[in-house]
Each structure stands twice: as C-alpha cells, then as structure tokens.
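In what follows, a structure is listed as structure tokens, so that the remarks can point back to it.
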Amino acid sequence: MALTARKPEGFPEPGGVIVTTIRANCPSCGDVHLKAANLTIRVCADDEVGSYTFDCPTCSVPVAKQASRRIIDLLVSSGVQMEVWKLPAEIFETHEGPPISPDDLLDFHLELSRDGWFEELSVMVRKSMPH
Ligand SMILES: [Zn+2]
C-alpha cells in the first residue's frame, strides 16, 4: 500500500491552516506528494467499492486506484472530497429476444421515412412489453 497521509510541520496554507500531505504512487513517476484537494474519492453506492483518482503533479497523467474502506476513511479524514456514484440502471434490466441485426436496423431506417412511424413504433413497443 503506497498511500499515506501525514500532517507535516511548517507547511501552512496562506490562511495559517496546516495542510495534510498525501503520498500516492504514480505508475511512471513513483511516489508523489499531493494535497487533499488534488485527489477525489469515488465510491459506488451499489457495491461500496471505492477508488481514488488524481492527476500526477509530475507527469500530469490521470491515475486511478482501487481503495479499501480503511484507505477511504483515511483520505476522508484528510479532507479529500468523496463522490458517490451508482451503477447504470441498464445493468439491472432483463433483456429478452435476439440481439438487433443489421436487417432490423435497415427496417427501422425505412420505418422512420414513413408518416406516423412514431405511433406505429409505440404500438409495437407496448405489445412487446411484459405485463
Ligand atoms: Zn507521474
């Protein structure tokens, strides 16, 4: 685990607040030192898997790493902002029938050129929906 947070002495912000330095690891540059504002924590609300991201201060490459609950707690207590995100709803949809083929796409294209295509499509979709 290459991520530590410490409050060094003699590193005050302009307002006189002591800034926490966070040591993280860039795949290209190795250990780099960041401020809390330079990192973002992302936690998935559905499976609670967490990660943190930052742009490397040396090479500017965006870095993303998985983080355990312990590391997330450490980062939150150091003042790192946390974003909570949800898996897209489409993942939980059930899909029935065969995949769309190029013929289906061509039929749809031809359908769009006719008047009243939207109403016809609405009826077709309603018929195919499970009750
Ligand atoms: Zn780097």
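Here's how to read the names in the structure tokens: chain A, B, ... by the order shown, residue numbers from 1 in each chain, ligand numbers from 1 in the order shown.
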Mind listing the residues within 9 Å of ligand 1, only C-alpha atoms and all ligand atoms counted, as a PDB file with C-alpha atoms, in the first residue's frame?
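Ended up saving to part13.pdb:
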```
ATOM      1  CA  ASN A  25       2.076   6.384  -6.263  1.00  0.00           C
ATOM      2  CA  CYS A  26       2.188   7.262  -9.962  1.00  0.00           C
ATOM      3  CA  PRO A  27       2.946   4.237 -12.210  1.00  0.00           C
ATOM      4  CA  SER A  28       5.501   6.326 -14.149  1.00  0.00           C
ATOM      5  CA  CYS A  29       6.995   8.642 -11.511  1.00  0.00           C
ATOM      6  CA  GLY A  30       6.756   6.601  -8.305  1.00  0.00           C
ATOM      7  CA  ASP A  31       5.878   8.367  -5.056  1.00  0.00           C
ATOM      8  CA  VAL A  32       4.341  11.814  -5.441  1.00  0.00           C
ATOM      9  CA  ASP A  55      -3.608  13.835 -11.864  1.00  0.00           C
ATOM     10  CA  CYS A  56       0.083  13.183 -11.281  1.00  0.00           C
ATOM     11  CA  PRO A  57       1.746  16.515 -10.324  1.00  0.00           C
ATOM     12  CA  THR A  58       4.922  15.488 -12.190  1.00  0.00           C
ATOM     13  CA  CYS A  59       3.729  13.933 -15.471  1.00  0.00           C
ATOM     14  CA  SER A  60       0.047  15.089 -15.438  1.00  0.00           C
ATOM     15  CA  VAL A  61      -1.197  11.575 -16.221  1.00  0.00           C
ATOM     16  CA  PRO A  62      -4.530  10.745 -14.546  1.00  0.00           C
ATOM     17  CA  VAL A  63      -4.115   7.916 -12.040  1.00  0.00           C
TER      18      VAL A  63
END
```
Residues flagged helix (DSSP H, G or I) by DSSP in chain A, as a ChimeraX atom specification: /A:36-38,69-77,89-92,102-112,117-128
Those in chain A with strand (DSSP E) from DSSP, as an NGL selection string: :A and (4-6 or 21-26 or 30-35 or 39-44 or 50-55 or 62-67 or 81-85)
Just N, CA and C atoms for this one: save the residues we selected as a CSV table (one decimal), in the first residue's frame.
```csv
chain,number,residue,atom,x,y,z
A,4,THR,N,0.0,7.2,2.1
A,4,THR,CA,0.0,7.7,3.5
A,4,THR,C,-0.4,9.1,3.6
A,5,ALA,N,-1.0,9.5,4.7
A,5,ALA,CA,-1.3,10.9,4.9
A,5,ALA,C,-0.6,11.3,6.2
A,6,ARG,N,-0.1,12.5,6.2
A,6,ARG,CA,0.5,13.0,7.5
A,6,ARG,C,0.4,14.5,7.5
A,21,THR,N,-0.3,16.4,3.7
A,21,THR,CA,0.3,15.9,2.5
A,21,THR,C,0.0,14.4,2.4
A,22,ILE,N,-0.4,14.1,1.2
A,22,ILE,CA,-0.8,12.7,0.9
A,22,ILE,C,0.2,12.1,-0.1
A,23,ARG,N,0.8,11.0,0.3
A,23,ARG,CA,1.8,10.4,-0.6
A,23,ARG,C,1.1,9.3,-1.4
A,24,ALA,N,1.1,9.4,-2.7
A,24,ALA,CA,0.5,8.4,-3.5
A,24,ALA,C,1.5,8.0,-4.5
A,25,ASN,N,1.1,7.0,-5.3
A,25,ASN,CA,2.1,6.4,-6.3
A,25,ASN,C,1.6,6.5,-7.7
A,26,CYS,N,2.4,7.2,-8.5
A,26,CYS,CA,2.2,7.3,-10.0
A,26,CYS,C,2.9,6.1,-10.6
A,30,GLY,N,6.6,7.1,-9.7
A,30,GLY,CA,6.8,6.6,-8.3
A,30,GLY,C,6.0,7.5,-7.3
A,31,ASP,N,6.6,7.6,-6.1
A,31,ASP,CA,5.9,8.4,-5.1
A,31,ASP,C,5.8,9.8,-5.4
A,32,VAL,N,4.6,10.4,-5.2
A,32,VAL,CA,4.3,11.8,-5.4
A,32,VAL,C,3.6,12.3,-4.2
A,33,HIS,N,3.7,13.6,-4.0
A,33,HIS,CA,3.1,14.2,-2.8
A,33,HIS,C,1.9,15.1,-3.3
A,34,LEU,N,0.8,14.9,-2.7
A,34,LEU,CA,-0.4,15.7,-3.1
A,34,LEU,C,-1.1,16.3,-1.9
A,35,LYS,N,-1.9,17.3,-2.2
A,35,LYS,CA,-2.8,17.9,-1.2
A,35,LYS,C,-4.1,17.2,-1.3
A,39,LEU,N,-6.9,15.2,-4.9
A,39,LEU,CA,-7.5,13.8,-5.0
A,39,LEU,C,-9.0,13.8,-5.0
A,40,THR,N,-9.6,12.8,-5.5
A,40,THR,CA,-11.0,12.6,-5.4
A,40,THR,C,-11.2,11.1,-5.1
A,41,ILE,N,-12.1,10.9,-4.2
A,41,ILE,CA,-12.5,9.5,-3.8
A,41,ILE,C,-13.8,9.2,-4.6
A,42,ARG,N,-13.9,8.0,-5.1
A,42,ARG,CA,-15.2,7.6,-5.8
A,42,ARG,C,-15.6,6.3,-5.1
A,43,VAL,N,-16.9,6.3,-4.6
A,43,VAL,CA,-17.4,5.1,-4.0
A,43,VAL,C,-18.7,4.8,-4.7
A,44,CYS,N,-18.8,3.5,-5.1
A,44,CYS,CA,-20.0,3.0,-5.8
A,44,CYS,C,-21.1,2.7,-4.7
A,50,GLY,N,-14.6,1.2,-3.6
A,50,GLY,CA,-14.0,2.6,-3.7
A,50,GLY,C,-12.8,2.7,-4.4
A,51,SER,N,-12.5,3.9,-4.9
A,51,SER,CA,-11.2,4.1,-5.6
A,51,SER,C,-10.9,5.6,-5.4
A,52,TYR,N,-9.7,6.0,-5.7
A,52,TYR,CA,-9.3,7.4,-5.6
A,52,TYR,C,-8.6,7.7,-6.9
A,53,THR,N,-8.7,9.0,-7.3
A,53,THR,CA,-8.1,9.4,-8.6
A,53,THR,C,-7.3,10.7,-8.3
A,54,PHE,N,-6.3,10.9,-9.1
A,54,PHE,CA,-5.6,12.2,-9.1
A,54,PHE,C,-4.8,12.3,-10.4
A,55,ASP,N,-4.5,13.6,-10.7
A,55,ASP,CA,-3.6,13.8,-11.9
A,55,ASP,C,-2.2,14.0,-11.3
A,62,PRO,N,-3.5,11.1,-15.5
A,62,PRO,CA,-4.5,10.7,-14.5
A,62,PRO,C,-4.3,9.3,-14.0
A,63,VAL,N,-4.3,9.2,-12.7
A,63,VAL,CA,-4.1,7.9,-12.0
A,63,VAL,C,-5.4,7.6,-11.3
A,64,ALA,N,-5.8,6.3,-11.4
A,64,ALA,CA,-6.9,5.8,-10.6
A,64,ALA,C,-6.6,4.5,-9.9
A,65,LYS,N,-6.9,4.4,-8.7
A,65,LYS,CA,-6.5,3.1,-7.9
A,65,LYS,C,-7.7,2.7,-7.1
A,66,GLN,N,-7.8,1.4,-6.9
A,66,GLN,CA,-8.8,0.9,-6.0
A,66,GLN,C,-8.4,1.2,-4.6
A,67,ALA,N,-9.4,1.4,-3.7
A,67,ALA,CA,-9.1,1.7,-2.3
A,67,ALA,C,-9.9,0.9,-1.4
A,81,GLN,N,-12.3,15.1,-1.0
A,81,GLN,CA,-13.7,15.1,-1.4
A,81,GLN,C,-14.1,13.7,-1.9
A,82,MET,N,-15.3,13.3,-1.5
A,82,MET,CA,-15.8,12.0,-1.9
A,82,MET,C,-17.0,12.1,-2.9
A,83,GLU,N,-17.0,11.4,-3.9
A,83,GLU,CA,-18.1,11.3,-4.9
A,83,GLU,C,-18.8,9.9,-4.8
A,84,VAL,N,-20.1,9.9,-4.7
A,84,VAL,CA,-20.8,8.6,-4.6
A,84,VAL,C,-21.5,8.5,-6.0
A,85,TRP,N,-21.3,7.3,-6.6
A,85,TRP,CA,-21.9,7.1,-7.9
A,85,TRP,C,-22.7,5.8,-7.9
```
